[in-house]
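Undergrad: data-v2.csv is reproduced below (CSV, C-alpha atoms).
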```
chain,number,residue,atom,x,y,z
A,617,MET,CA,-4.4,27.5,-26.1
A,618,SER,CA,-6.7,30.4,-25.1
A,619,ALA,CA,-10.0,29.5,-23.5
A,620,GLN,CA,-11.2,32.9,-24.6
A,621,ALA,CA,-11.0,31.8,-28.2
A,622,LEU,CA,-13.8,29.3,-27.5
A,623,ARG,CA,-16.6,31.9,-27.9
A,624,ILE,CA,-19.0,29.7,-26.0
A,625,PRO,CA,-22.6,30.9,-26.3
A,626,ARG,CA,-24.5,32.2,-23.4
A,627,THR,CA,-26.4,29.1,-22.2
A,628,GLY,CA,-25.9,29.7,-18.5
A,629,PHE,CA,-22.6,27.9,-18.8
A,630,GLY,CA,-19.9,30.2,-20.1
A,631,ARG,CA,-16.2,30.1,-21.0
A,632,GLY,CA,-15.2,30.6,-17.4
A,633,GLN,CA,-16.7,27.3,-16.4
A,634,VAL,CA,-15.1,25.5,-19.4
A,635,GLN,CA,-11.7,27.1,-18.5
A,636,ALA,CA,-12.1,25.9,-14.9
A,637,VAL,CA,-13.0,22.3,-15.9
A,638,ALA,CA,-10.0,22.2,-18.3
A,639,GLY,CA,-7.7,23.7,-15.8
A,640,CYS,CA,-8.7,21.3,-13.1
A,641,TYR,CA,-8.1,18.4,-15.4
A,642,PHE,CA,-4.7,19.7,-16.2
A,643,VAL,CA,-3.5,20.0,-12.6
A,644,ALA,CA,-5.1,16.6,-11.6
A,645,SER,CA,-3.3,14.9,-14.5
A,646,PHE,CA,0.2,15.7,-13.3
A,647,ALA,CA,0.8,12.5,-11.3
A,648,ALA,CA,-1.2,10.3,-13.6
A,649,LEU,CA,0.8,11.4,-16.7
A,650,GLY,CA,4.1,12.5,-15.2
A,651,LEU,CA,5.0,9.7,-12.9
A,652,PRO,CA,4.5,6.4,-14.9
A,653,PRO,CA,7.7,7.1,-17.0
A,654,TYR,CA,9.6,6.9,-13.8
A,655,LEU,CA,8.3,3.4,-12.8
A,656,THR,CA,11.8,2.0,-13.6
A,657,GLU,CA,13.1,4.2,-10.7
A,658,ILE,CA,10.2,3.6,-8.4
A,659,LEU,CA,10.0,-0.2,-8.5
A,660,PRO,CA,13.5,-1.0,-7.2
A,661,GLU,CA,12.5,0.8,-4.0
A,662,LEU,CA,9.6,-1.7,-3.6
A,663,GLY,CA,11.7,-4.8,-4.2
A,664,ASP,CA,11.6,-5.2,-7.9
A,665,ARG,CA,15.3,-4.5,-8.4
A,666,GLN,CA,15.2,-5.0,-12.2
A,667,ALA,CA,11.9,-3.1,-12.6
A,668,ARG,CA,10.6,-6.1,-14.5
A,669,TRP,CA,7.0,-5.3,-13.7
A,670,ALA,CA,7.2,-1.7,-15.1
A,671,GLY,CA,5.6,-2.5,-18.4
A,672,VAL,CA,2.7,-4.3,-16.7
A,673,LEU,CA,2.1,-1.7,-14.0
A,674,TYR,CA,2.3,1.0,-16.7
A,675,ILE,CA,-1.0,-0.1,-18.2
A,676,VAL,CA,-2.8,-1.2,-14.9
A,677,PRO,CA,-4.5,2.1,-14.4
A,678,THR,CA,-5.5,2.2,-18.0
A,679,VAL,CA,-7.0,-1.3,-17.9
A,680,PHE,CA,-9.1,-0.6,-14.8
A,681,GLY,CA,-10.0,2.9,-16.0
A,682,ALA,CA,-11.4,1.4,-19.2
A,683,LEU,CA,-13.5,-1.1,-17.2
A,684,GLY,CA,-14.9,1.5,-14.8
A,685,ALA,CA,-15.5,4.4,-17.3
A,686,PRO,CA,-18.9,3.2,-18.7
A,687,LEU,CA,-20.3,2.5,-15.2
A,688,TRP,CA,-19.3,5.9,-13.8
A,689,GLY,CA,-20.7,7.6,-16.9
A,690,ARG,CA,-24.1,6.0,-16.4
A,691,LEU,CA,-24.1,6.9,-12.8
A,692,ALA,CA,-23.3,10.5,-13.7
A,693,ASP,CA,-26.3,10.7,-15.9
A,694,ARG,CA,-28.4,9.3,-13.0
A,695,PHE,CA,-27.0,11.1,-10.0
A,696,GLY,CA,-25.4,14.3,-11.4
A,697,ARG,CA,-22.4,15.0,-13.5
A,698,LYS,CA,-20.8,17.4,-11.0
A,699,ARG,CA,-21.0,14.8,-8.2
A,700,LEU,CA,-19.3,12.2,-10.3
A,701,LEU,CA,-16.7,14.6,-11.5
A,702,LEU,CA,-15.9,15.5,-7.8
A,703,ARG,CA,-15.8,11.7,-7.1
A,704,ALA,CA,-13.2,11.2,-9.8
A,705,GLN,CA,-10.9,14.0,-8.5
A,706,LEU,CA,-11.2,12.7,-4.9
A,707,GLY,CA,-10.6,9.1,-6.1
A,708,LEU,CA,-7.4,10.2,-7.7
A,709,ALA,CA,-6.3,11.9,-4.5
A,710,VAL,CA,-6.9,8.8,-2.5
A,711,SER,CA,-5.1,6.5,-4.9
A,712,PHE,CA,-2.1,8.9,-5.2
A,713,LEU,CA,-1.8,9.0,-1.4
A,714,LEU,CA,-1.8,5.3,-1.1
A,715,ALA,CA,0.8,4.9,-3.9
A,716,GLY,CA,3.1,7.5,-2.2
A,717,TRP,CA,2.9,5.7,1.1
A,718,ALA,CA,3.1,2.2,-0.3
A,719,ASP,CA,6.0,0.2,1.1
A,720,SER,CA,5.5,-3.0,-1.0
A,721,MET,CA,4.8,-4.0,-4.5
A,722,ALA,CA,1.4,-5.4,-3.5
A,723,THR,CA,0.2,-2.1,-2.0
A,724,PHE,CA,1.6,0.0,-4.8
A,725,THR,CA,-0.2,-2.3,-7.3
A,726,VAL,CA,-3.5,-1.9,-5.4
A,727,ALA,CA,-3.0,1.9,-5.5
A,728,LEU,CA,-2.6,1.8,-9.3
A,729,VAL,CA,-5.7,-0.4,-9.6
A,730,LEU,CA,-7.7,2.1,-7.5
A,731,GLN,CA,-6.3,5.0,-9.6
A,732,GLY,CA,-7.9,3.3,-12.6
A,733,ILE,CA,-11.2,2.4,-10.9
A,734,LEU,CA,-11.7,5.6,-8.9
A,735,GLY,CA,-10.2,8.1,-11.5
A,736,GLY,CA,-11.6,8.7,-14.9
A,737,THR,CA,-11.4,12.5,-14.7
A,738,PHE,CA,-11.2,13.0,-18.5
A,739,ALA,CA,-14.5,11.2,-19.2
A,740,ALA,CA,-16.1,12.8,-16.2
A,741,SER,CA,-15.1,16.2,-17.3
A,742,ASN,CA,-16.3,15.6,-20.8
A,743,GLY,CA,-19.6,14.3,-19.5
A,744,TYR,CA,-20.0,17.4,-17.3
A,745,LEU,CA,-19.4,19.7,-20.4
A,746,GLY,CA,-21.6,17.6,-22.6
A,747,ALA,CA,-24.5,18.1,-20.2
A,748,ALA,CA,-24.4,21.9,-20.8
A,749,LEU,CA,-23.1,22.4,-24.3
A,750,GLU,CA,-23.7,21.0,-27.7
A,751,GLY,CA,-22.6,21.3,-31.3
A,752,PRO,CA,-19.6,23.6,-32.1
A,753,ALA,CA,-19.5,24.9,-28.5
A,754,LEU,CA,-19.1,21.4,-27.2
A,755,SER,CA,-16.5,20.4,-29.8
A,756,ARG,CA,-14.5,23.5,-29.0
A,757,ALA,CA,-14.7,22.7,-25.3
A,758,LEU,CA,-13.5,19.1,-26.0
A,759,THR,CA,-10.7,20.5,-28.1
A,760,LEU,CA,-9.6,22.6,-25.1
A,761,MET,CA,-9.8,19.5,-22.9
A,762,GLN,CA,-7.5,17.7,-25.3
A,763,GLY,CA,-5.2,20.7,-25.1
A,764,SER,CA,-5.1,20.3,-21.3
A,765,ALA,CA,-4.2,16.6,-21.7
A,766,ARG,CA,-1.4,17.4,-24.2
A,767,ALA,CA,0.0,20.2,-22.0
A,768,ALA,CA,0.1,17.9,-19.0
A,769,LEU,CA,1.8,15.2,-21.0
A,770,VAL,CA,4.5,17.6,-22.0
A,771,VAL,CA,5.0,19.5,-18.7
A,772,ALA,CA,4.4,16.8,-16.1
A,773,PRO,CA,7.4,14.5,-16.8
A,774,ILE,CA,9.7,17.6,-16.8
A,775,VAL,CA,8.3,18.8,-13.4
A,776,VAL,CA,8.6,15.3,-11.9
A,777,GLY,CA,12.2,15.0,-13.2
A,778,SER,CA,13.1,18.4,-11.7
A,779,LEU,CA,11.6,17.5,-8.3
A,780,SER,CA,13.4,14.1,-8.3
A,781,GLY,CA,16.6,15.6,-6.8
A,782,TRP,CA,14.6,16.7,-3.8
A,783,LEU,CA,12.0,14.0,-3.5
A,784,SER,CA,11.9,10.5,-5.1
A,785,PRO,CA,9.3,9.9,-7.8
A,786,HIS,CA,7.7,7.3,-5.5
A,787,ARG,CA,7.1,9.8,-2.7
A,788,GLN,CA,6.0,12.4,-5.2
A,789,TYR,CA,2.7,10.4,-5.6
A,790,ALA,CA,1.8,11.5,-2.1
A,791,LEU,CA,2.9,15.1,-2.7
A,792,LEU,CA,1.0,15.4,-6.0
A,793,ALA,CA,-2.2,14.1,-4.4
A,794,VAL,CA,-2.8,17.8,-3.3
A,795,LEU,CA,-3.5,18.6,-7.0
A,796,PRO,CA,-6.7,16.6,-7.5
A,797,LEU,CA,-7.7,17.7,-4.0
A,798,THR,CA,-7.3,21.3,-5.1
A,799,ALA,CA,-9.2,20.6,-8.3
A,800,ALA,CA,-12.1,19.2,-6.3
A,801,LEU,CA,-12.3,22.3,-4.2
A,802,LEU,CA,-12.4,24.5,-7.3
A,803,LEU,CA,-15.0,22.3,-9.0
A,804,ALA,CA,-17.2,22.4,-5.9
A,805,ALA,CA,-17.9,26.0,-6.7
A,806,LEU,CA,-19.2,25.3,-10.2
A,807,PRO,CA,-22.9,24.7,-10.8
A,808,GLU,CA,-24.5,21.5,-11.8
A,809,PRO,CA,-24.7,22.0,-15.6
A,810,GLU,CA,-28.1,22.5,-17.2
A,811,PRO,CA,-28.9,21.5,-20.8
A,812,ALA,CA,-28.2,24.1,-23.4
A,813,GLU,CA,-31.2,25.8,-24.9
A,814,ARG,CA,-32.3,24.5,-28.3
A,815,PRO,CA,-34.0,26.6,-30.9
A,816,LYS,CA,-37.7,25.8,-31.3
A,817,ALA,CA,-38.5,24.2,-34.6
A,818,GLU,CA,-41.4,25.3,-36.8
A,819,PRO,CA,-44.5,23.3,-35.9
A,820,GLU,CA,-45.1,22.3,-39.5
A,821,THR,CA,-41.6,20.9,-40.1
A,822,VAL,CA,-39.1,19.1,-37.9
A,823,ASP,CA,-35.7,18.5,-39.3
A,824,GLU,CA,-34.0,15.5,-37.9
A,825,VAL,CA,-30.3,15.4,-38.4
A,826,VAL,CA,-28.6,12.0,-38.3
A,827,PRO,CA,-25.0,12.2,-36.9
A,828,VAL,CA,-22.1,12.3,-39.4
A,829,VAL,CA,-21.0,8.8,-38.2
A,830,SER,CA,-22.8,6.3,-36.0
A,831,LEU,CA,-21.8,5.8,-32.4
A,832,LYS,CA,-20.2,2.4,-33.2
A,833,VAL,CA,-18.1,4.0,-35.9
A,834,LEU,CA,-17.0,6.8,-33.5
A,835,TYR,CA,-15.9,4.1,-31.0
A,836,ALA,CA,-14.0,2.2,-33.7
A,837,MET,CA,-12.2,5.4,-34.9
A,838,GLU,CA,-11.3,6.3,-31.3
A,839,PHE,CA,-9.8,2.8,-30.7
A,840,ALA,CA,-7.9,2.9,-34.0
A,841,PHE,CA,-6.6,6.5,-33.4
A,842,VAL,CA,-5.3,5.8,-29.9
A,843,PHE,CA,-3.8,2.5,-31.0
A,844,SER,CA,-1.9,3.9,-33.9
A,845,THR,CA,-0.5,6.9,-32.0
A,846,VAL,CA,0.2,5.5,-28.5
A,847,ILE,CA,2.0,2.4,-29.9
A,848,SER,CA,5.0,4.6,-30.8
A,849,PHE,CA,5.3,6.1,-27.2
A,850,PRO,CA,6.9,3.3,-25.1
A,851,TYR,CA,10.0,2.7,-27.3
A,852,LEU,CA,10.5,6.1,-28.9
A,853,ILE,CA,13.6,7.0,-26.8
A,854,GLN,CA,15.2,3.6,-27.7
A,855,LEU,CA,14.4,4.2,-31.4
A,856,VAL,CA,15.9,7.8,-31.3
A,857,ASP,CA,19.1,6.4,-29.6
A,858,ASP,CA,19.3,3.7,-32.3
A,859,ARG,CA,18.8,6.2,-35.2
A,860,VAL,CA,21.0,9.0,-33.7
A,861,PRO,CA,23.5,7.5,-31.2
A,862,GLY,CA,24.5,9.9,-28.5
A,863,THR,CA,21.3,11.9,-28.4
A,864,SER,CA,20.9,13.5,-25.0
A,865,SER,CA,18.0,12.7,-22.8
A,866,ALA,CA,16.8,16.3,-23.0
A,867,LEU,CA,16.7,16.2,-26.8
A,868,SER,CA,15.0,12.9,-26.8
A,869,GLY,CA,12.3,14.4,-24.5
A,870,VAL,CA,11.9,17.3,-26.9
A,871,LEU,CA,11.4,14.9,-29.8
A,872,PHE,CA,8.8,13.0,-27.7
A,873,ALA,CA,6.9,16.2,-27.0
A,874,LEU,CA,6.9,17.7,-30.5
A,875,PRO,CA,3.6,16.1,-31.7
A,876,HIS,CA,1.8,17.3,-28.6
A,877,LEU,CA,3.3,20.8,-29.0
A,878,VAL,CA,1.9,20.9,-32.5
A,879,TYR,CA,-1.5,20.3,-31.1
A,880,LEU,CA,-1.2,23.1,-28.5
A,881,VAL,CA,-0.2,25.5,-31.3
A,882,ALA,CA,-2.6,24.5,-34.0
A,883,ALA,CA,-5.7,22.9,-32.5
A,884,LEU,CA,-8.1,25.8,-32.5
A,885,ALA,CA,-7.1,26.8,-36.0
A,886,VAL,CA,-7.7,23.2,-37.2
A,887,HIS,CA,-11.1,23.2,-35.4
A,888,ALA,CA,-12.2,26.3,-37.3
A,889,ALA,CA,-11.1,24.7,-40.6
A,890,PHE,CA,-12.6,21.3,-40.2
A,891,ARG,CA,-15.6,21.6,-37.9
A,892,ASP,CA,-17.9,21.4,-40.8
A,893,ARG,CA,-16.0,18.5,-42.5
A,894,PRO,CA,-14.7,16.2,-39.8
A,895,ARG,CA,-14.7,13.1,-41.9
A,896,ALA,CA,-12.3,14.7,-44.4
A,897,GLY,CA,-10.2,15.9,-41.4
A,898,ILE,CA,-10.1,12.5,-39.8
A,899,ALA,CA,-9.1,10.8,-43.0
A,900,LEU,CA,-6.3,13.3,-43.6
A,901,GLY,CA,-5.2,12.9,-40.0
A,902,PHE,CA,-4.9,9.1,-40.3
A,903,THR,CA,-2.9,9.7,-43.6
A,904,CYS,CA,-0.5,12.0,-41.8
A,905,ILE,CA,-0.1,9.5,-38.9
A,906,ALA,CA,0.5,6.6,-41.3
A,907,LEU,CA,3.2,8.6,-43.2
A,908,GLY,CA,4.7,10.0,-40.1
A,909,LEU,CA,5.1,6.6,-38.4
A,910,ALA,CA,6.4,5.0,-41.6
A,911,GLY,CA,8.9,7.8,-41.7
A,912,HIS,CA,10.1,6.9,-38.2
A,913,GLY,CA,11.2,3.5,-39.7
A,914,VAL,CA,13.6,5.1,-42.2
A,915,ALA,CA,14.6,8.4,-40.6
A,916,GLY,CA,18.4,8.3,-40.1
A,917,SER,CA,19.2,11.8,-38.9
A,918,LEU,CA,18.1,14.3,-36.4
A,919,THR,CA,16.6,16.5,-39.1
A,920,SER,CA,14.5,13.7,-40.5
A,921,LEU,CA,13.3,12.7,-37.1
A,922,ILE,CA,12.2,16.2,-36.4
A,923,ALA,CA,10.3,16.2,-39.7
A,924,VAL,CA,8.5,13.0,-39.1
A,925,ARG,CA,7.6,13.9,-35.6
A,926,LEU,CA,6.1,17.2,-36.8
A,927,LEU,CA,4.2,15.2,-39.5
A,928,LEU,CA,2.9,12.9,-36.8
A,929,GLY,CA,1.9,16.0,-34.8
A,930,VAL,CA,-0.2,17.2,-37.7
A,931,GLY,CA,-2.0,13.9,-37.9
A,932,LEU,CA,-2.4,13.9,-34.1
A,933,THR,CA,-3.9,17.3,-34.1
A,934,LEU,CA,-6.3,16.6,-37.0
A,935,GLY,CA,-7.4,13.3,-35.4
A,936,LEU,CA,-8.0,14.7,-32.0
A,937,VAL,CA,-9.9,17.7,-33.2
A,938,CYS,CA,-12.1,15.9,-35.7
A,939,LEU,CA,-12.8,13.2,-33.2
A,940,SER,CA,-14.0,15.9,-30.8
A,941,VAL,CA,-16.3,17.3,-33.5
A,942,LEU,CA,-17.7,13.8,-34.2
A,943,ALA,CA,-18.1,13.1,-30.5
A,944,ALA,CA,-20.0,16.4,-30.0
A,945,ASP,CA,-22.2,15.5,-33.0
A,946,CYS,CA,-23.0,12.1,-31.6
A,947,ALA,CA,-23.7,13.5,-28.1
A,948,ARG,CA,-26.6,15.6,-29.4
A,949,GLY,CA,-29.8,14.2,-27.8
A,950,ARG,CA,-27.9,11.5,-25.8
A,951,ALA,CA,-27.1,11.2,-22.1
A,952,PRO,CA,-23.5,12.5,-22.1
A,953,GLY,CA,-22.2,10.6,-19.1
A,954,GLY,CA,-22.8,7.2,-20.6
A,955,MET,CA,-21.6,8.2,-24.1
A,956,PHE,CA,-18.4,9.7,-23.0
A,957,GLY,CA,-17.8,6.9,-20.5
A,958,SER,CA,-18.1,4.4,-23.3
A,959,LEU,CA,-15.9,6.5,-25.5
A,960,GLU,CA,-13.2,6.5,-22.8
A,961,PHE,CA,-13.5,2.7,-22.6
A,962,PHE,CA,-12.6,2.4,-26.3
A,963,SER,CA,-9.8,5.0,-25.9
A,964,LYS,CA,-8.2,3.1,-23.0
A,965,ALA,CA,-8.7,-0.2,-24.7
A,966,GLY,CA,-6.8,1.2,-27.7
A,967,ALA,CA,-4.0,2.3,-25.4
A,968,VAL,CA,-3.8,-1.1,-23.7
A,969,ALA,CA,-3.7,-2.9,-27.1
A,970,ALA,CA,-1.0,-0.5,-28.3
A,971,GLY,CA,1.1,-1.2,-25.3
A,972,LEU,CA,0.9,-4.9,-25.7
A,973,ALA,CA,1.5,-4.8,-29.4
A,974,ALA,CA,4.5,-2.4,-28.9
A,975,ALA,CA,6.0,-4.8,-26.3
A,976,ALA,CA,5.5,-7.9,-28.4
A,977,GLY,CA,6.7,-6.2,-31.7
A,978,SER,CA,9.7,-4.6,-30.1
A,979,ALA,CA,10.8,-7.9,-28.4
A,980,ARG,CA,10.5,-9.8,-31.7
A,981,PHE,CA,11.6,-7.3,-34.4
A,982,GLY,CA,13.3,-4.4,-32.5
A,983,PRO,CA,12.4,-0.7,-31.9
A,984,ASP,CA,11.2,-0.2,-35.5
A,985,ALA,CA,8.3,-2.6,-35.1
A,986,PRO,CA,5.9,-0.4,-33.0
A,987,VAL,CA,6.0,2.6,-35.4
A,988,LEU,CA,5.5,0.3,-38.5
A,989,ILE,CA,2.6,-1.5,-36.8
A,990,GLY,CA,1.0,1.8,-35.9
A,991,GLY,CA,1.6,3.1,-39.4
A,992,ALA,CA,-0.1,0.1,-41.0
A,993,ALA,CA,-3.1,0.4,-38.6
A,994,ALA,CA,-3.5,4.1,-39.5
A,995,ALA,CA,-3.2,3.3,-43.2
A,996,VAL,CA,-6.0,0.7,-43.0
A,997,THR,CA,-8.2,3.2,-41.1
A,998,VAL,CA,-7.7,5.8,-43.8
A,999,PHE,CA,-9.6,3.6,-46.3
A,1000,ALA,CA,-12.2,2.7,-43.7
A,1001,THR,CA,-13.0,6.3,-43.0
A,1002,LEU,CA,-13.6,6.9,-46.7
A,1003,LEU,CA,-16.2,4.2,-47.1
A,1004,PRO,CA,-19.6,5.6,-48.3
A,1005,THR,CA,-21.4,3.7,-45.6
A,1006,LEU,CA,-19.8,5.9,-42.9
A,1007,ASN,CA,-21.4,9.0,-44.4
A,1008,HIS,CA,-25.0,8.7,-43.5
A,1009,ARG,CA,-25.9,12.2,-42.6
A,1010,THR,CA,-29.4,12.9,-43.9
A,1011,ARG,CA,-32.2,15.3,-43.1
A,1012,ARG,CA,-35.8,14.1,-42.9
A,1013,SER,CA,-38.8,16.3,-42.8
A,1014,ARG,CA,-42.0,15.1,-41.1
```
Spit out the file's structure as structure tokens when you get a sec.

TA:
Amino acid sequence: MSAQALRIPRTGFGRGQVQAVAGCYFVASFAALGLPPYLTEILPELGDRQARWAGVLYIVPTVFGALGAPLWGRLADRFGRKRLLLRAQLGLAVSFLLAGWADSMATFTVALVLQGILGGTFAASNGYLGAALEGPALSRALTLMQGSARAALVVAPIVVGSLSGWLSPHRQYALLAVLPLTAALLLAALPEPEPAERPKAEPETVDEVVPVVSLKVLYAMEFAFVFSTVISFPYLIQLVDDRVPGTSSALSGVLFALPHLVYLVAALAVHAAFRDRPRAGIALGFTCIALGLAGHGVAGSLTSLIAVRLLLGVGLTLGLVCLSVLAADCARGRAPGGMFGSLEFFSKAGAVAAGLAAAAGSARFGPDAPVLIGGAAAAVTVFATLLPTLNHRTRRSR
């Protein structure tokens, strides 16, 4: 995804700064997104021979990240977004170093707790951008940030797996700590963002535009979106092996990555098409997610699995892009740190709920259960997004 396609207006904060923030988030996310899939290899080195705690430790950073995000966001509004963004990058570096040097389950668990509490680079980066940009410029920047997250989610596990022959995933935590440190050095050169200039209204008339959706509705949509998409992640490989026995690990990895690759290819085009009608886009996105996940439950061949993964990718792209548009709309006139910190809380809460539901559903009903639960949640949300009460955009003159 090209940052040059953002066409960010000249407000003292140009596309170079946005590209730098997104790039720094990408490199800092490598350990956070690339190493958790290898917990089943890491934990036996720390005494958990059967890796029974892998599922719990997988969500530990998410849980504590959710708890800390609103506080860090409010502190950013008070003490400066750049300072709190640097704090997040340095916090990740410290936690990664501790995880890489840990020689016991207790120390490793503490490191993951600190990763959640001290990290939060995504919310901090969005708050930094939200302080300088607004409207379409901000939503395009948030779309680019999501592109960085998708790219890291695709690339990081591959890189970690490639390095595993030379250095164990456990010790890679310490090695990859250099990435958030590097990101912090690069971000130190960026300015503290200044608010974007707003056009002056005519003295006789002031138009007040109410957001497309309320902040509470945005938070609910974020939770539902993350829940319905993330719930399919943990047991997808098992589902693929069940549907198409003998599928190689490499091909399973490609199937896992397909929805995220759709986002990287199509996100900017989707933003251009739906930036003025995000509610229609989010409803269509949840519809595609519901159909795609339901399709996972009946797909019985490699071709059908590819088709439903691509359909899920369309829904993922529509949802992420339109949520970015809605978030930029809600951020207008608000302190961005607190708002994006709270949004991150609901995002992580959705991920935690999805992980717990996936584990419980899979244990009780098998690998089909998570995708069917997620599909049902997405289908319910489709109807919720179409309720007239959600559409309260009005203009008032005074």

Undergrad: Name all residues at most 12 Å from Leu927 of chain A (count all atoms listed in the file; drop same-chain ones fewer than 2 positions away) and give them as a short mmCIF file (atom, residue, chain, number, x, y, z; two decimals) with C-alpha atoms, keeping the file's coordinate frame.

TA:
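Output file selection_24.cif follows:
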```cif
data_model
loop_
_atom_site.label_atom_id
_atom_site.label_comp_id
_atom_site.auth_asym_id
_atom_site.auth_seq_id
_atom_site.Cartn_x
_atom_site.Cartn_y
_atom_site.Cartn_z
CA LEU A 874 6.90 17.70 -30.50
CA PRO A 875 3.60 16.10 -31.70
CA HIS A 876 1.80 17.30 -28.60
CA LEU A 877 3.30 20.80 -29.00
CA VAL A 878 1.90 20.90 -32.50
CA TYR A 879 -1.50 20.30 -31.10
CA LEU A 900 -6.30 13.30 -43.60
CA GLY A 901 -5.20 12.90 -40.00
CA PHE A 902 -4.90 9.10 -40.30
CA THR A 903 -2.90 9.70 -43.60
CA CYS A 904 -0.50 12.00 -41.80
CA ILE A 905 -0.10 9.50 -38.90
CA ALA A 906 0.50 6.60 -41.30
CA LEU A 907 3.20 8.60 -43.20
CA GLY A 908 4.70 10.00 -40.10
CA LEU A 909 5.10 6.60 -38.40
CA ALA A 910 6.40 5.00 -41.60
CA GLY A 911 8.90 7.80 -41.70
CA HIS A 912 10.10 6.90 -38.20
CA SER A 920 14.50 13.70 -40.50
CA LEU A 921 13.30 12.70 -37.10
CA ILE A 922 12.20 16.20 -36.40
CA ALA A 923 10.30 16.20 -39.70
CA VAL A 924 8.50 13.00 -39.10
CA ARG A 925 7.60 13.90 -35.60
CA GLY A 929 1.90 16.00 -34.80
CA VAL A 930 -0.20 17.20 -37.70
CA GLY A 931 -2.00 13.90 -37.90
CA LEU A 932 -2.40 13.90 -34.10
CA THR A 933 -3.90 17.30 -34.10
CA LEU A 934 -6.30 16.60 -37.00
#
```

Undergrad: Which residue out of A:Ala896, A:Ala943, A:Ala969, A:Gly732 has the minimum interatomic distance to Lys832 of chain A when all atoms listed in the file are used?

TA: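 Once distances to Lys832 of chain A are computed over all atoms listed in the file, the minimum belongs to A:Ala943.
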
Undergrad: Atom CA of Pro785 of chain A and atom CA of Leu803 of chain A are how many Å apart?

TA: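 Separating atom CA of Pro785 of chain A from atom CA of Leu803 of chain A is a distance of 27.3 Å.
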
Undergrad: Pick from A:Ala715, A:Asp693, A:Phe738, A:Thr723: nearest to Arg950 of chain A, with all atoms listed in the file counted?

TA: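 When distances to Arg950 of chain A are compared using all atoms listed in the file, the smallest one comes from A:Asp693.
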
Undergrad: Which one is closest to Ala885 of chain A: A:Arg787, A:Pro952, A:Leu760, A:Trp688? Count all atoms listed in the file.

TA: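 Of all the options, A:Leu760 lies closest to Ala885 of chain A.
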
Undergrad: What's around segment 675-683 of chain A at 10 Å? Count only C-alpha atoms, leave out sequence neighbours fewer than 3 positions away in its own chain, and write the answer as number ranges by chain.

TA: A: 648, 652, 670-672, 686-688, 725-737, 739, 957-969, 971-972

Undergrad: Of the residues A:Thr656, A:Thr845, A:Ser865, A:Ser741, which is the one nearest to Gly991 of chain A, using only C-alpha atoms?

TA: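 Of the candidates, the smallest distance to Gly991 of chain A is held by A:Thr845.
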
Undergrad: What does the structure give for the distance between atom CA of Phe999 of chain A and atom CA of Phe890 of chain A, in Å to one decimal?

TA: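 Those two atoms sit 19.0 Å apart.
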
Undergrad: For Leu700 of chain A, please output as a ChimeraX atom specification all residues within 8 Å (counting all atoms listed in the file; exclusion window: fewer than 5 positions along the same chain).

TA: /A:688,691-692,695,740

Undergrad: Please list, as a ChimeraX atom specification, the residues that have an atom at most 9 Å away from (6.4, 9.6, -18.0) in the coordinates of this file, counting all atoms listed in the file.

TA: /A:648-655,769,772-774,776

Undergrad: Using all atoms listed in the file, find the one residue out of A:Gln854, A:Ser778, A:Ser940, A:Thr1001 that sits nearest to Gly751 of chain A.

TA: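 Using all atoms listed in the file, the shortest distance to Gly751 of chain A belongs to A:Ser940.
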